[in-house]
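To be precise, the following lines are query35.cif, and they hold mmCIF, C-alpha atoms.
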data_coords
loop_
_atom_site.label_atom_id
_atom_site.label_comp_id
_atom_site.auth_asym_id
_atom_site.auth_seq_id
_atom_site.Cartn_x
_atom_site.Cartn_y
_atom_site.Cartn_z
CA MET A 1 50.44 -42.39 48.98
CA PHE A 2 49.47 -41.50 45.46
CA SER A 3 51.59 -38.39 45.18
CA ASN A 4 54.02 -40.05 42.76
CA PHE A 5 51.27 -41.41 40.53
CA SER A 6 50.73 -39.69 37.25
CA ARG A 7 47.22 -38.51 36.52
CA ARG A 8 46.84 -41.31 33.97
CA GLN A 9 48.02 -43.97 36.45
CA LEU A 10 45.61 -42.71 39.04
CA LEU A 11 42.73 -42.84 36.59
CA ARG A 12 43.61 -46.43 35.63
CA LEU A 13 43.88 -47.50 39.26
CA LEU A 14 40.50 -46.04 40.10
CA ALA A 15 38.87 -47.46 36.99
CA SER A 16 40.11 -50.94 37.88
CA LEU A 17 38.76 -50.65 41.40
CA ILE A 18 35.27 -49.81 40.33
CA ALA A 19 33.22 -52.97 40.10
CA GLY A 20 30.75 -53.51 37.31
CA ALA A 21 32.27 -51.12 34.80
CA THR A 22 31.54 -52.33 31.29
CA ALA A 23 33.17 -51.75 27.97
CA VAL A 24 30.83 -48.96 27.01
CA GLY A 25 29.14 -46.32 29.11
CA SER A 26 30.20 -44.29 32.09
CA VAL A 27 31.41 -45.49 35.43
CA PRO A 28 30.11 -44.24 38.74
CA VAL A 29 31.25 -40.83 39.78
CA LEU A 30 33.33 -40.76 42.94
CA GLY A 31 32.30 -37.50 44.47
CA ARG A 32 33.17 -34.98 41.77
CA PHE A 33 35.83 -37.18 40.21
CA PHE A 34 34.93 -38.17 36.70
CA ALA A 35 36.40 -41.66 36.56
CA SER A 36 34.95 -42.04 33.07
CA LYS A 37 37.74 -39.83 31.84
CA ALA A 38 39.87 -43.02 31.94
CA GLN A 39 38.14 -43.92 28.69
CA ALA A 40 39.74 -40.91 27.10
CA GLN A 41 43.13 -42.62 26.90
CA GLY A 42 44.53 -42.16 23.44
CA PRO A 43 46.32 -44.29 20.87
CA LYS A 44 49.79 -43.31 22.05
CA ASP A 45 49.39 -45.65 25.04
CA LYS A 46 49.78 -48.70 22.86
CA SER A 47 52.80 -50.00 20.93
CA ASP A 48 52.59 -50.70 17.19
CA LYS A 49 52.67 -54.41 17.94
CA GLU A 50 49.72 -54.10 20.34
CA LEU A 51 47.83 -51.99 17.81
CA LYS A 52 48.22 -54.58 15.05
CA LYS A 53 46.77 -57.27 17.32
CA LEU A 54 43.74 -55.17 18.13
CA TYR A 55 42.92 -53.39 14.88
CA LYS A 56 42.77 -54.52 11.28
CA GLU A 57 42.76 -50.95 10.01
CA ILE A 58 43.77 -47.60 11.43
CA ARG A 59 43.01 -44.57 9.34
CA LYS A 60 43.89 -40.96 10.14
CA ALA A 61 42.37 -37.81 8.71
CA GLU A 62 42.49 -34.11 9.38
CA ARG A 63 39.73 -31.54 9.32
CA LYS A 64 40.01 -27.86 10.23
CA GLY A 65 43.33 -28.44 11.94
CA ARG A 66 42.11 -31.31 14.12
CA VAL A 67 43.18 -34.89 13.63
CA TYR A 68 40.90 -37.86 13.99
CA GLU A 69 41.59 -41.56 13.77
CA VAL A 70 39.21 -44.37 12.85
CA ARG A 71 40.24 -47.83 14.02
CA THR A 72 38.46 -50.95 12.86
CA LYS A 73 38.75 -53.71 15.41
CA VAL A 74 39.93 -57.21 14.63
CA LYS A 75 37.24 -58.48 16.98
CA ASP A 76 34.45 -56.58 18.65
CA GLU A 77 34.20 -57.82 22.20
CA THR A 78 31.36 -55.54 23.25
CA PRO A 79 29.07 -57.54 25.53
CA GLN A 80 26.00 -58.93 23.77
CA THR A 81 23.87 -58.11 26.78
CA VAL A 82 23.72 -55.32 29.32
CA THR A 83 21.93 -54.98 32.61
CA ASP A 84 19.12 -52.46 32.59
CA VAL A 85 16.48 -51.94 35.24
CA SER A 86 14.33 -54.69 33.76
CA GLY A 87 17.18 -57.16 33.99
CA VAL A 88 19.63 -58.53 31.48
CA VAL A 89 18.69 -57.31 28.01
CA GLU A 90 20.25 -57.38 24.60
CA ASN A 91 22.83 -54.64 24.22
CA PRO A 92 21.37 -52.29 21.60
CA TYR A 93 24.87 -51.25 20.62
CA ASP A 94 28.09 -52.76 19.45
CA GLU A 95 31.45 -51.12 18.87
CA PRO A 96 33.25 -52.56 15.83
CA VAL A 97 35.03 -49.28 15.21
CA GLU A 98 36.69 -46.80 17.57
CA LEU A 99 37.02 -43.09 16.95
CA PHE A 100 39.70 -40.84 18.39
CA VAL A 101 39.60 -37.08 18.05
CA ASP A 102 42.62 -35.06 19.20
CA ASP A 103 44.09 -38.39 20.44
CA LYS A 104 41.14 -38.91 22.76
CA LYS A 105 38.67 -41.75 22.45
CA VAL A 106 35.13 -40.72 21.64
CA ASN A 107 32.28 -42.53 23.37
CA MET A 108 30.83 -43.75 20.08
CA VAL A 109 28.67 -46.82 19.59
CA ARG A 110 26.91 -48.43 16.65
CA ASN A 111 23.20 -49.07 16.84
CA LYS A 112 22.72 -52.74 15.99
CA LYS A 113 19.32 -52.16 14.35
CA SER A 114 20.04 -49.10 12.25
CA LYS A 115 23.75 -49.81 11.78
CA LYS A 116 24.33 -46.12 12.36
CA TYR A 117 26.80 -44.56 14.74
CA GLU A 118 25.80 -42.59 17.80
CA THR A 119 27.53 -40.58 20.48
CA TYR A 120 25.78 -39.17 23.53
CA GLN A 121 27.69 -35.97 22.86
CA LEU A 122 25.54 -35.35 19.75
CA PRO A 123 22.19 -36.82 20.76
CA PHE A 124 20.10 -35.46 17.87
CA ASN A 125 22.10 -37.09 15.10
CA ASP A 126 22.89 -40.58 14.09
CA PHE A 127 25.63 -41.01 11.56
CA GLU A 128 26.35 -43.16 8.54
CA SER A 129 30.03 -43.47 9.40
CA PRO A 130 32.61 -42.73 12.09
CA ASP A 131 34.02 -40.10 9.74
CA ALA A 132 30.66 -38.32 9.79
CA VAL A 133 30.76 -38.35 13.60
CA ALA A 134 34.23 -36.86 13.60
CA GLU A 135 33.40 -34.24 11.00
CA THR A 136 30.33 -33.06 12.90
CA MET A 137 32.20 -32.99 16.19
CA ILE A 138 34.89 -30.88 14.59
CA ASP A 139 32.46 -28.56 12.79
CA LEU A 140 30.55 -27.99 16.04
CA LYS A 141 33.78 -27.58 18.02
CA VAL A 142 32.88 -30.50 20.28
CA ALA A 143 35.68 -31.65 22.59
CA VAL A 144 36.13 -35.10 24.10
CA PRO A 145 35.81 -34.60 27.86
CA ILE A 146 38.98 -35.26 29.79
CA ASP A 147 38.99 -32.79 32.62
CA GLU A 148 37.35 -33.08 35.98
CA LEU A 149 34.32 -30.88 36.06
CA ASP A 150 33.66 -28.74 39.08
CA LEU A 151 29.91 -28.45 39.07
CA ASN A 152 29.59 -26.96 42.50
CA GLY A 153 28.63 -23.37 43.06
CA GLU A 154 25.98 -20.94 44.08
CA PHE A 155 22.59 -21.92 42.63
CA MET B 1 5.16 -15.51 42.43
CA ALA B 2 7.29 -14.92 39.33
CA THR B 3 5.23 -14.98 36.15
CA ARG B 4 6.86 -16.54 33.11
CA LYS B 5 5.66 -14.70 30.04
CA ASN B 6 5.57 -15.37 26.34
CA ILE B 7 8.50 -13.60 24.69
CA ARG B 8 5.99 -11.82 22.49
CA ASN B 9 4.52 -10.11 25.54
CA LEU B 10 7.74 -8.87 27.08
CA THR B 11 8.23 -5.14 27.36
CA SER B 12 11.45 -3.71 26.01
CA THR B 13 12.59 -3.21 29.61
CA GLU B 14 11.87 -6.86 30.43
CA LYS B 15 13.83 -8.01 27.40
CA ALA B 16 16.73 -5.76 28.31
CA ASP B 17 16.66 -6.98 31.91
CA PHE B 18 16.73 -10.60 30.77
CA VAL B 19 19.70 -10.00 28.47
CA ARG B 20 21.49 -8.03 31.17
CA ALA B 21 20.95 -10.75 33.75
CA VAL B 22 22.15 -13.51 31.40
CA LYS B 23 25.29 -11.57 30.54
CA ALA B 24 25.98 -10.86 34.21
CA LEU B 25 25.81 -14.59 34.96
CA LYS B 26 28.17 -15.22 32.08
CA ALA B 27 30.62 -12.66 33.43
CA ASN B 28 30.69 -14.15 36.93
CA GLY B 29 31.02 -17.76 35.76
CA ILE B 30 27.64 -18.96 36.94
CA TYR B 31 26.26 -19.33 33.41
CA ASN B 32 29.09 -21.66 32.42
CA LYS B 33 28.38 -23.85 35.45
CA PHE B 34 24.92 -24.45 34.06
CA VAL B 35 26.36 -25.44 30.69
CA LEU B 36 28.68 -27.95 32.36
CA ARG B 37 25.94 -29.36 34.61
CA HIS B 38 23.79 -30.11 31.59
CA PHE B 39 26.71 -31.79 29.86
CA ALA B 40 27.66 -33.76 32.97
CA ALA B 41 24.13 -35.07 33.42
CA ALA B 42 23.97 -36.03 29.74
CA SER B 43 27.23 -37.93 30.16
CA ARG B 44 25.95 -39.95 33.11
CA ALA B 45 24.47 -43.22 31.92
CA THR B 46 21.59 -44.48 34.06
CA PRO B 47 22.20 -47.14 35.21
CA SER B 48 25.95 -47.08 34.74
CA THR B 49 25.83 -50.42 32.94
CA VAL B 50 24.25 -48.93 29.82
CA ASN B 51 25.63 -46.27 27.48
CA ALA B 52 24.77 -42.61 27.95
CA SER B 53 23.47 -42.65 24.36
CA TYR B 54 20.77 -45.04 25.56
CA ARG B 55 19.63 -43.16 28.65
CA ASN B 56 21.29 -40.64 30.91
CA ALA B 57 20.49 -38.61 33.98
CA ALA B 58 18.61 -35.91 32.05
CA HIS B 59 17.51 -37.43 28.74
CA LYS B 60 15.82 -40.45 27.20
CA GLY B 61 14.21 -41.35 30.50
CA PRO B 62 11.38 -40.31 32.82
CA ALA B 63 13.46 -37.64 34.57
CA PHE B 64 13.69 -35.55 31.39
CA HIS B 65 10.91 -33.21 32.51
CA PRO B 66 11.67 -32.87 36.23
CA TRP B 67 15.41 -32.61 35.57
CA HIS B 68 14.96 -29.69 33.21
CA ARG B 69 12.37 -28.10 35.46
CA GLN B 70 14.89 -28.12 38.32
CA PHE B 71 17.61 -26.88 35.96
CA LEU B 72 15.52 -23.91 34.83
CA TYR B 73 14.35 -23.23 38.38
CA LYS B 74 17.93 -22.85 39.57
CA PHE B 75 18.82 -20.77 36.54
CA GLN B 76 15.89 -18.47 37.25
CA GLN B 77 17.08 -18.11 40.83
CA ALA B 78 20.49 -17.14 39.49
CA LEU B 79 18.90 -14.55 37.18
CA GLN B 80 17.00 -13.17 40.16
CA SER B 81 20.29 -12.56 41.94
CA VAL B 82 20.95 -9.98 39.23
CA VAL B 83 17.42 -8.71 38.58
CA PRO B 84 15.19 -9.41 41.59
CA GLY B 85 11.87 -10.98 40.69
CA ILE B 86 12.74 -11.69 37.07
CA ALA B 87 11.11 -14.71 35.45
CA LEU B 88 12.34 -16.79 32.54
CA PRO B 89 10.34 -16.02 29.41
CA TYR B 90 9.18 -18.82 27.14
CA TRP B 91 9.39 -19.14 23.39
CA ASP B 92 6.19 -20.69 22.04
CA TRP B 93 7.68 -21.95 18.80
CA THR B 94 4.31 -23.05 17.43
CA GLN B 95 3.58 -19.35 16.88
CA ASP B 96 6.56 -19.23 14.52
CA ALA B 97 6.04 -22.55 12.77
CA ALA B 98 4.79 -20.83 9.60
CA ASN B 99 7.76 -18.45 9.38
CA PRO B 100 10.56 -19.34 11.78
CA ASP B 101 13.03 -16.83 10.40
CA ALA B 102 10.77 -13.92 11.31
CA SER B 103 10.31 -14.93 14.94
CA PRO B 104 10.68 -12.09 17.44
CA VAL B 105 12.97 -14.38 19.41
CA TRP B 106 15.70 -13.55 16.90
CA ALA B 107 15.45 -9.78 17.36
CA THR B 108 18.73 -7.90 17.54
CA ASP B 109 17.88 -6.72 21.04
CA PHE B 110 17.13 -10.26 22.17
CA MET B 111 18.68 -13.54 20.95
CA GLY B 112 20.10 -12.24 17.68
CA GLY B 113 19.79 -14.15 14.44
CA ASN B 114 21.20 -17.02 12.48
CA GLY B 115 24.89 -17.77 12.11
CA ASN B 116 26.90 -16.57 9.15
CA PRO B 117 27.74 -19.50 6.84
CA ASN B 118 30.85 -17.61 5.73
CA ASN B 119 32.09 -17.42 9.31
CA ASN B 120 31.65 -20.98 10.56
CA TYR B 121 27.96 -20.26 11.26
CA GLN B 122 28.86 -17.94 14.12
CA VAL B 123 26.16 -15.54 15.24
CA GLU B 124 27.12 -11.97 14.42
CA THR B 125 24.00 -10.07 15.49
CA GLY B 126 22.48 -9.25 18.84
CA PRO B 127 23.92 -9.34 22.34
CA PHE B 128 25.24 -12.89 21.95
CA GLY B 129 27.15 -12.23 18.76
CA VAL B 130 30.68 -13.42 18.26
CA SER B 131 32.37 -10.38 19.73
CA GLN B 132 30.20 -10.37 22.83
CA TRP B 133 29.67 -14.01 23.83
CA THR B 134 32.11 -16.88 24.06
CA ILE B 135 30.85 -20.43 24.43
CA ILE B 136 32.68 -23.15 26.35
CA ASN B 137 33.53 -26.71 25.39
CA GLU B 138 32.97 -29.94 27.29
CA ASN B 139 36.05 -29.27 29.40
CA GLY B 140 34.92 -25.78 30.37
CA GLN B 141 37.42 -24.06 28.09
CA PRO B 142 36.62 -21.04 25.88
CA ASN B 143 35.50 -22.27 22.50
CA GLY B 144 34.84 -19.33 20.21
CA GLY B 145 31.57 -17.79 19.17
CA LEU B 146 28.02 -19.10 19.39
CA GLN B 147 26.95 -21.06 16.33
CA ARG B 148 23.48 -21.29 14.84
CA ARG B 149 22.58 -23.02 11.61
CA TRP B 150 18.84 -22.90 11.13
CA ARG B 151 17.33 -26.01 9.55
CA GLN B 152 20.52 -27.96 10.13
CA LEU B 153 18.68 -31.18 11.03
CA SER B 154 15.01 -30.15 10.90
CA SER B 155 13.45 -27.84 8.34
CA THR B 156 10.54 -26.89 10.55
CA LEU B 157 9.59 -25.93 14.07
CA PRO B 158 6.95 -27.85 16.04
CA ASN B 159 3.32 -27.06 15.30
CA LEU B 160 0.08 -27.08 17.26
CA THR B 161 -0.88 -30.55 16.05
CA GLU B 162 2.27 -32.01 17.59
CA VAL B 163 1.60 -30.16 20.82
CA SER B 164 -1.98 -31.34 20.92
CA THR B 165 -0.92 -34.95 20.43
CA ALA B 166 1.59 -34.73 23.26
CA LEU B 167 -0.86 -33.03 25.62
CA GLY B 168 -3.35 -35.81 25.06
CA GLU B 169 -0.94 -38.69 25.47
CA ILE B 170 -1.03 -40.76 28.63
CA PRO B 171 0.49 -42.16 30.76
CA TYR B 172 3.38 -39.94 31.73
CA ASP B 173 5.84 -42.68 30.84
CA ASN B 174 6.10 -46.44 30.85
CA SER B 175 8.60 -49.23 31.14
CA LYS B 176 11.28 -49.55 29.23
CA TRP B 177 11.72 -45.94 30.41
CA ASP B 178 13.77 -45.04 27.36
CA SER B 179 13.50 -43.44 23.91
CA SER B 180 11.28 -46.24 22.65
CA SER B 181 8.63 -45.90 25.36
CA THR B 182 5.12 -45.66 23.94
CA PRO B 183 2.57 -44.48 24.76
CA SER B 184 4.44 -41.91 26.81
CA HIS B 185 3.82 -38.20 27.21
CA ARG B 186 7.45 -37.79 28.29
CA ASN B 187 8.88 -39.55 25.28
CA ARG B 188 6.51 -37.82 22.84
CA SER B 189 7.28 -34.35 24.20
CA GLU B 190 10.99 -35.05 24.48
CA GLY B 191 10.79 -35.88 20.81
CA TRP B 192 12.09 -39.40 20.33
CA ILE B 193 8.86 -40.43 18.62
CA ASN B 194 9.03 -38.93 15.12
CA SER B 195 11.60 -36.23 15.99
CA ILE B 196 9.08 -33.66 17.17
CA LEU B 197 8.69 -31.02 19.86
CA HIS B 198 11.71 -30.65 22.15
CA ASN B 199 14.17 -32.46 19.89
CA LYS B 200 12.85 -30.73 16.80
CA VAL B 201 13.72 -27.27 18.12
CA HIS B 202 17.30 -28.28 18.89
CA ARG B 203 17.51 -29.80 15.41
CA PHE B 204 16.06 -26.67 13.78
CA VAL B 205 18.30 -24.11 15.50
CA GLY B 206 21.34 -26.29 14.93
CA GLY B 207 24.91 -25.20 15.64
CA SER B 208 25.61 -24.89 19.34
CA MET B 209 22.14 -26.27 20.15
CA LEU B 210 23.11 -29.72 18.87
CA PRO B 211 25.78 -30.93 21.35
CA GLN B 212 25.08 -31.61 25.00
CA THR B 213 26.63 -28.23 25.81
CA SER B 214 23.51 -26.72 24.18
CA PRO B 215 22.83 -24.26 27.06
CA ASN B 216 25.74 -22.37 25.52
CA ASP B 217 22.98 -20.78 23.43
CA PRO B 218 20.72 -18.65 25.66
CA VAL B 219 17.77 -19.60 23.44
CA PHE B 220 18.06 -23.01 25.16
CA PHE B 221 16.43 -21.54 28.26
CA LEU B 222 13.57 -19.90 26.35
CA HIS B 223 12.97 -23.16 24.50
CA HIS B 224 13.01 -25.33 27.61
CA CYS B 225 10.80 -22.86 29.41
CA ASN B 226 8.15 -23.63 26.78
CA VAL B 227 8.78 -27.35 27.17
CA ASP B 228 8.24 -26.94 30.91
CA ARG B 229 5.10 -24.87 30.33
CA LEU B 230 3.65 -27.63 28.17
CA TRP B 231 4.44 -30.25 30.80
CA ALA B 232 2.65 -28.08 33.37
CA GLN B 233 -0.29 -27.90 30.98
CA TRP B 234 -0.30 -31.69 30.59
CA GLN B 235 -0.24 -32.07 34.37
CA ALA B 236 -3.21 -29.70 34.72
CA GLN B 237 -5.17 -31.48 31.98
CA ASN B 238 -4.41 -34.99 33.22
CA THR B 239 -4.84 -34.80 36.97
CA SER B 240 -5.57 -38.51 37.19
CA GLN B 241 -2.11 -39.23 35.82
CA SER B 242 0.91 -39.21 38.07
CA TYR B 243 4.61 -39.20 37.56
CA GLN B 244 6.14 -42.56 36.74
CA PRO B 245 8.05 -44.53 37.82
CA THR B 246 7.51 -44.50 41.55
CA SER B 247 10.02 -47.33 41.93
CA GLY B 248 11.76 -49.97 39.87
CA GLY B 249 12.89 -47.50 37.24
CA PRO B 250 16.37 -46.36 36.32
CA PRO B 251 18.36 -44.72 39.13
CA GLY B 252 17.83 -41.00 39.18
CA HIS B 253 14.46 -41.33 37.44
CA ASN B 254 12.21 -42.73 40.16
CA ILE B 255 9.96 -40.20 41.84
CA ASP B 256 11.99 -40.01 45.05
CA ASP B 257 15.46 -40.48 43.54
CA LEU B 258 18.00 -37.74 43.79
CA MET B 259 18.62 -36.26 40.34
CA TYR B 260 22.27 -35.79 39.42
CA PRO B 261 23.97 -33.34 40.05
CA TRP B 262 21.59 -32.22 42.81
CA ASP B 263 22.59 -35.08 45.05
CA GLY B 264 23.88 -32.99 47.95
CA VAL B 265 27.48 -33.87 47.15
CA THR B 266 28.21 -32.86 43.56
CA ILE B 267 26.49 -29.58 44.28
CA THR B 268 26.94 -29.11 47.97
CA ASN B 269 23.77 -28.97 50.03
CA VAL B 270 21.42 -28.95 47.05
CA THR B 271 19.16 -31.92 46.47
CA ALA B 272 16.24 -32.43 44.14
CA THR B 273 13.96 -35.32 43.34
CA PRO B 274 11.24 -35.50 40.67
CA ARG B 275 8.60 -35.39 43.41
CA GLN B 276 9.98 -32.10 44.72
CA VAL B 277 9.48 -30.32 41.41
CA LEU B 278 6.14 -31.78 40.30
CA ASP B 279 4.27 -28.65 41.44
CA HIS B 280 5.84 -25.73 39.60
CA LYS B 281 3.85 -23.21 41.61
CA ALA B 282 5.49 -24.49 44.78
CA LEU B 283 8.77 -23.46 43.17
CA GLY B 284 7.51 -19.89 43.05
CA TYR B 285 6.55 -19.40 39.42
CA ASP B 286 3.59 -19.66 37.13
CA TYR B 287 2.88 -19.15 33.45
CA ALA B 288 0.94 -16.37 31.78
#

Whole structure given in C-alpha cells:
Amino acid sequence: MFSNFSRRQLLRLLASLIAGATAVGSVPVLGRFFASKAQAQGPKDKSDKELKKLYKEIRKAERKGRVYEVRTKVKDETPQTVTDVSGVVENPYDEPVELFVDDKKVNMVRNKKSKKYETYQLPFNDFESPDAVAETMIDLKVAVPIDELDLNGEF
Amino acid sequence: MATRKNIRNLTSTEKADFVRAVKALKANGIYNKFVLRHFAAASRATPSTVNASYRNAAHKGPAFHPWHRQFLYKFQQALQSVVPGIALPYWDWTQDAANPDASPVWATDFMGGNGNPNNNYQVETGPFGVSQWTIINENGQPNGGLQRRWRQLSSTLPNLTEVSTALGEIPYDNSKWDSSSTPSHRNRSEGWINSILHNKVHRFVGGSMLPQTSPNDPVFFLHHCNVDRLWAQWQAQNTSQSYQPTSGGPPGHNIDDLMYPWDGVTITNVTATPRQVLDHKALGYDYA
C-alpha cells in the first residue's frame, strides 16, 4: 500500500498519526522505526513565500565545508506548558530560533531561565548562540540523525 | 565472578587483553552497536512530551545509574566473547586529579593520549590512534579519527571531596526526577549539581567524549565503570536507602520499568529493569 510513498511522505504520514506529539522532543518509537527523524526535514521543503511568513531572518554560514542555517522565527509557537510526570508544568524551553546543519533541523531549544541554547546531542554544553551550537557540532563532527538505527544484535 | 580492577593494578597481559577484546568488537561491528544504543537512549525523551535535553532514557533521570550498569554489563559480556572471563577495568580519576596528564590511563599501550591540536584534536598515539580506530556518527557512518581535547570544558578531574559528598547524599533521587533534583545521590553523581563527577570527566576529556556518541572513545567504559563502582559503594553504605521511584516517575525510570532499548523488541529478547540490575554481584561481577 505504501510502496509508492517516498521515504519523506511515509515519515510525515506516520508523524501525523502519532497522537500527542509536540513541537519539541521525540515521538514514540514504533518498533525500531525512528519516527522522530521526521523532524529532520530541511529548508528545501518550503517555498520562499512560506519561508518569509515563518521567519524574519534566515542566515547561512559555512564552517569546515559544512553549511548551517540560523532562522529566526516571526512567532515562536512553542507550547508554554508541557506534560511531565507530575502533570502540566511550565515548559522550561522555547524555540525562537531554528538551526539547520547540512539541511537538517537540529533539535535545539533555548532555556527560558538562562537564555542559552541547548541540544541533547551535546549535553555537557550550553551555548550563547545558535552559531556556537553549529560550530561545536561541526568541530566535533556531530551529525543530525536521519537514518533508522538498527540497535538489535548479539549482547 | 569477574573482578573489575583499578587500571593501575592491571598486568600488562590484562591491559593487552582488554585492548584486543575492544578492537575485536570494533572489527565485528558489536562495538558500534553500543555507541548507537547510547545515542538512541539519549535521544529518547522521557516522557515523549518533554525534550530529550530535559530528560531522556539514560540521562537526567533516576535511570542514569541502572541504565549505564546494564550497558556496561552487556559490554562486558561482549568482551568476554573474545576473552573469556575478562572484566571491565575502572579508572579512578580521583587518583589523577592532581596531575591528569600523567595518568596511566593514557599510556601508549592502553588508551593513548590527548588529541593533536594541529590535526583536529585527533588522537595519534596508542591503539586507538587515528590510523587504527574510526569513530562513527549519529547515523552509524564512519566519521574519522577519535578526538580528545583535554580541559575542553573542565580544567580538572573530580576529586575525593566530590566523591565523598556524593557517597553521603541521600536519598537516591527525588521528584522532579530531573537535573534539578536535590538532594539526590543520582543527580549529584551524574554531575548536574555543580558540574562534578560523571559530567566533569566527559567535560575534561572533551572531543569525542562530549556528544552522545561518547562511547566512541573506549575511555568511556573505564570512566563509567568507576561511576558504577561508586554507585555500588553508595548502595553498600546506605542500605536503608532504596532505588527511587518505585512508581509515578518518568517512563523507563521506575524500578520495574523496561529501560530502552532493552524492551524485548528494540533488542530482541533482551529486557532490563532498574530492579534487575540493583545487585551488581548478581550480574556476575564485583570490584577490587

Quiz item: Residues picked by the PyMOL selection byres ((chain A and resi 121) around 9) here, as JSON, numbers by chain?
Solution: {"A": [106, 107, 108, 118, 119, 120, 122, 123, 137, 142, 144], "B": [39, 42, 43, 52, 53, 210, 211, 212, 213]}

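A cut-off of 12 Å from the point (5.5, -46.8, 42.4), with all atoms listed in the file, picks out the residues Asn174, Ser175, Ser242, Tyr243, Gln244, Pro245, Thr246, Ser247, Gly248, Gly249, His253, Asn254, Ile255, Asp256, Asp257 and Arg275 of chain B.
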
Self-check item: Contact residues (chain B, partner chain A, 8 Å, all atoms listed in the file) as number ranges by chain
Solution: B: 30, 33, 36-37, 40, 42-45, 47-54, 74-75, 77-78, 120, 137-140, 143, 147, 153, 176, 199, 202-203, 207-208, 210-212, 248-250, 261, 265-268

Leaving out A:Leu54 and any residue of its chain fewer than 6 positions from it, which residues lie within 12 Å of it when counting all atoms listed in the file, given as a compact mmCIF listing (two decimals) with C-alpha atoms, in the frame of the given file?
# COMPACT_ATOMS: atom_id res chain seq x y z
CA PRO A 43 46.32 -44.29 20.87
CA LYS A 46 49.78 -48.70 22.86
CA SER A 47 52.80 -50.00 20.93
CA ASP A 48 52.59 -50.70 17.19
CA ARG A 71 40.24 -47.83 14.02
CA THR A 72 38.46 -50.95 12.86
CA LYS A 73 38.75 -53.71 15.41
CA VAL A 74 39.93 -57.21 14.63
CA LYS A 75 37.24 -58.48 16.98
CA ASP A 76 34.45 -56.58 18.65
CA GLU A 77 34.20 -57.82 22.20
CA PRO A 96 33.25 -52.56 15.83
CA VAL A 97 35.03 -49.28 15.21
CA GLU A 98 36.69 -46.80 17.57

Quiz item: Got a sec to resolve the PyMOL selection byres ((chain B and resi 60) around 10) on this structure and send the residues as a ChimeraX atom specification?
Solution: /A:123 /B:42,46,52-59,61-64,177-181,186-187,190-192

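With atom CA of B:Gln95 on one side and atom CA of B:Val201 on the other, the separation reads 12.9 Å.
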
Taking the file as I've supplied it (selection: the PyMOL selection byres ((chain A and resi 67) around 12)), which residues are included? Please answer as a PDB file with C-alpha atoms, in the coordinates of the input.
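Below you can see expr-v9.pdb, which holds the result:
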ATOM      1  CA  ARG A  59      43.010 -44.570   9.340  1.00  0.00           C
ATOM      2  CA  LYS A  60      43.890 -40.960  10.140  1.00  0.00           C
ATOM      3  CA  ALA A  61      42.370 -37.810   8.710  1.00  0.00           C
ATOM      4  CA  GLU A  62      42.490 -34.110   9.380  1.00  0.00           C
ATOM      5  CA  ARG A  63      39.730 -31.540   9.320  1.00  0.00           C
ATOM      6  CA  LYS A  64      40.010 -27.860  10.230  1.00  0.00           C
ATOM      7  CA  GLY A  65      43.330 -28.440  11.940  1.00  0.00           C
ATOM      8  CA  ARG A  66      42.110 -31.310  14.120  1.00  0.00           C
ATOM      9  CA  TYR A  68      40.900 -37.860  13.990  1.00  0.00           C
ATOM     10  CA  GLU A  69      41.590 -41.560  13.770  1.00  0.00           C
ATOM     11  CA  VAL A  70      39.210 -44.370  12.850  1.00  0.00           C
ATOM     12  CA  LEU A  99      37.020 -43.090  16.950  1.00  0.00           C
ATOM     13  CA  PHE A 100      39.700 -40.840  18.390  1.00  0.00           C
ATOM     14  CA  VAL A 101      39.600 -37.080  18.050  1.00  0.00           C
ATOM     15  CA  ASP A 102      42.620 -35.060  19.200  1.00  0.00           C
ATOM     16  CA  ASP A 103      44.090 -38.390  20.440  1.00  0.00           C
ATOM     17  CA  LYS A 104      41.140 -38.910  22.760  1.00  0.00           C
ATOM     18  CA  ASP A 131      34.020 -40.100   9.740  1.00  0.00           C
ATOM     19  CA  ALA A 134      34.230 -36.860  13.600  1.00  0.00           C
ATOM     20  CA  GLU A 135      33.400 -34.240  11.000  1.00  0.00           C
ATOM     21  CA  MET A 137      32.200 -32.990  16.190  1.00  0.00           C
ATOM     22  CA  ILE A 138      34.890 -30.880  14.590  1.00  0.00           C
TER      23      ILE A 138
END

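Atom CA of B:Gln141 sits 27.9 Å away from atom CA of A:Ser129.
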
Around stretch 261-269 of chain B, fit a box with edges along x, y and z, padding it by 8 Å on each side, then list its centre and edge lengths in Å to one decimal as AutoDock Vina command-line options.
--center_x 24.9 --center_y -32.0 --center_z 45.0 --size_x 22.6 --size_y 22.1 --size_z 26.0

Quiz item: If you measure from atom CA of A:Gly87 to atom CA of B:Thr273, what distance in Å do you get, rounded to one decimal?
Solution: 24.0 Å

Tell me, counting all atoms listed in the file, for each residue of stretch 36-150 of chain B within 8 Å of stretch 216-240 of chain B, which pair of atoms is nearest and how far apart they are in Å to one decimal, in rows ordered by chain and increasing number, as a Markdown table.
| residue | atom | partner | partner_atom | distance |
| --- | --- | --- | --- | --- |
| B:His65 | CA | B:Asp228 | CA | 7.0 |
| B:His68 | CA | B:His224 | CA | 7.4 |
| B:Arg69 | CA | B:Asp228 | CA | 6.3 |
| B:Leu72 | CA | B:Phe221 | CA | 7.0 |
| B:Leu88 | CA | B:Cys225 | CA | 7.0 |
| B:Pro89 | CA | B:Leu222 | CA | 5.9 |
| B:Tyr90 | CA | B:Leu222 | CA | 4.6 |
| B:Trp91 | CA | B:Leu222 | CA | 5.2 |
| B:Asp92 | CA | B:Asn226 | CA | 5.9 |
| B:Trp93 | CA | B:His223 | CA | 7.9 |
| B:Met111 | CA | B:Val219 | CA | 6.6 |
| B:Ile135 | CA | B:Asn216 | CA | 5.6 |
| B:Ile136 | CA | B:Asn216 | CA | 7.0 |
| B:Leu146 | CA | B:Asp217 | CA | 6.7 |

What's the 7 Å shell around B:Lys200, counting all atoms listed in the file, without same-chain residues fewer than 6 positions away, as a PDB file with C-alpha atoms, in the coordinates of the input?
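Result saved to part-v9.pdb:
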ATOM      1  CA  SER B 154      15.010 -30.150  10.900  1.00  0.00           C
ATOM      2  CA  LEU B 157       9.590 -25.930  14.070  1.00  0.00           C
ATOM      3  CA  PRO B 158       6.950 -27.850  16.040  1.00  0.00           C
ATOM      4  CA  GLY B 191      10.790 -35.880  20.810  1.00  0.00           C
TER       5      GLY B 191
END
